[in-house]
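Written below as structure tokens is the structure these notes are about.
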Amino acid sequence: MRFFNTFKNTGKFCVLKFLEPLVRFKLKRTRPKIIGVTGSFGKTSTKEAIYEVLKTRWNVYRSPKSLNTETGLLLSILEQPSGFSSPLKWIKILAGAFLNALLGKAYDFLVLEYGADKPGDIQYLISVVKPDISILTHISSVHQAEGQFKNEEEVFKEKKHLALGLNEKGIAILNAGDKFLKQLDGKLKSKIFWFNSAHGIHADNLKDSTTGFSATIHMGSQNEPAEFKVPGTYHIDIFLPALLCGILNGISLKEGIKALKSFQLPPGRMSIIPGQHGSIILDGSYNASPETVKQALNLLKNFPGKRKIAVIGNMNELGKQTEAAHRRIAQQIGDWLDELIAVGELAHITADECLKKGFPRSKIKILLTPKEVGEYLNSKNLTKGDVILFKGSQNRVRLERAIKMIMADPEQAEKLLCRQESEWQKIH
């Protein structure tokens with residue numbers, strides 16, 4: 001195992017050293033304006049929303065899916081997929097990267113996602129690909145396993161480099177509703193534009209519905225009504241920076257809202273999917289952290305429905321906070337919930353805490369695998385008016401596999417669910 005890891009790390013290093021000069025060459029040749037997005041959650045959805053707004057006027061490319069690591073970001077710029085663990089695929093990819101650097105299409109904008117699993121990740125990425133506009137969404141408790149971050153302060157310390165690295169001509173778009181990001185006020189070389197602030201772009205009159213939510217968007221003296229086909233008013237945090245990004249690049253508030261009217265969230269980020277027999281699936285299977293689980297349960301609580309079922313999986317990479325974080329989930333659960341299905345080896349922690357606070361044992365089911373979840377839900381004879389929330393981390397949970405078993409149209413799984421590529425199907 002030690003030899004395998006050493007070999008794997010050496011291969012990764014060699015790939016990076018091959019890609020770095022190609023990326024620098026392409027960026028110098030094509031000179032796009034680079035928009036970088038980071039945060040503890042909401043990165044991919046925000047990136048996609050920005051793309052939808054900017055493409056109404058500009059020639060735009062955005063990184064596909066969630067390619068945001070040191071390798072993934074470089075591959076995105078060179079318009080190449082990941083090769084996973086296949087040497088043959090990597091040979092083809094590296095050849096494609098070389099040709100793309102020399103002959104690839106030029107774009108007005110590149111919208112890129114900057115991820116950070118450990119200290120130093122953002123700093124490395126901006127050393128190769130420095131953004132002109134940096135967008136920071138949220139800072140929260142993520143990636144806190146061994147070798148990652150110790151606490152939220154360390155997450156913030158790393159993420160903020162995306163804004164600190166901007167020069168005087170740069171623009172930082174920051175969430176005024178985040179206690180950490182507010183600390184950057186007056187501390188950047190660049191200009192700062194805020195969202196969720198009366199001094200920038202903000203929204204009020206937010207109202208949920210079965211098809212999405214509505215709001216009134218304010219920017220200066222402008223006030224525009226908006227309707228989004230996305231469940232959960234908290235998703236306003238992906239639309240506000242996208243609209244602001246458009247305004248700063250010549251797209252009016254009204255035009256931006258129109259561009260986002262039919263916007264759909266990426267798979268697994270709280271999409272609405274038709275379930276069997278008229279039931280409704282709220283699909284948050286891509287990932288989970290304490291804050292996003294809280295948001296998802298609050299959405300389920302307020303979502304119209306006859307019977308409400310929450311399928312909650314493990315929250316991974318929380319380190320020493322793991323047990324306490326899973327216990328805190330119980331604070332969001334009350335008599336409004338008809339059944340809790342806890343999934344994975346950490347499921348008993350959430351279930352035990354729910355029992356302690358008086359949630360009936362008869363309303364709790366503990367299961368270990370997504371297959372068991374799918375079989376159990378099929379046995380419950382789902383009907384019209386049932387709403388089933390799925391929220392959990394990927395590794396060792398993979399709740400999208402259970403969703404596929406209760407979808408009204410499982411043939412749409414490749415289009416609607418996350419991690420449907422053949423390589424991911426082999427990973428548990």
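If you're wondering about the labels, chains in the structure tokens are A, B, ... by order shown, residues count from 1 in each chain, ligands from 1 in order shown.
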
> Which residues in segment 266-365 of chain A does DSSP call helix (DSSP H, G or I)? List them as number ranges by chain.
Replying inline: A: 276-278, 290-302, 319-332, 347-356, 361-363

Tell me which protein, DNA and RNA residues are within 10 Å of Ala347 of chain A, counting only C-alpha atoms, leaving out same-chain ones fewer than 2 positions away, and put them as a compact mmCIF listing (two decimals) with C-alpha atoms, in the first residue's frame.
# COMPACT_ATOMS: atom_id res chain seq x y z
CA ILE A 312 -29.79 11.32 5.99
CA GLY A 313 -26.39 9.77 5.34
CA ASN A 314 -22.96 10.24 6.91
CA MET A 315 -21.27 13.61 6.87
CA HIS A 326 -24.15 14.23 13.71
CA ARG A 327 -25.85 14.80 17.05
CA ILE A 341 -33.92 7.00 7.68
CA ALA A 342 -30.31 7.22 8.87
CA VAL A 343 -27.78 5.67 6.50
CA GLY A 344 -24.16 4.62 7.03
CA GLU A 345 -21.91 3.64 9.91
CA ILE A 349 -25.35 8.82 16.33
CA THR A 350 -28.11 10.89 14.72
CA ALA A 351 -30.75 8.27 15.55
CA ASP A 352 -29.68 8.04 19.21
CA LYS A 365 -35.00 3.38 10.56
CA ILE A 366 -31.26 2.70 10.56
CA LEU A 367 -29.82 1.20 7.36
CA LEU A 368 -26.27 0.70 6.11

> Taking into account only C-alpha atoms, which residue in the set A:His235, A:Glu317, A:Ser271, A:Ser40 is nearest to Gln295 of chain A?
Replying inline: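 Among A:His235, A:Glu317, A:Ser271, A:Ser40, it is A:His235 that comes nearest to Gln295 of chain A.
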
> With distances taken over only C-alpha atoms, which of A:Lys89, A:His218, A:Lys17, A:Lys363 is nearest to Leu74 of chain A?
Replying inline: A:Lys17
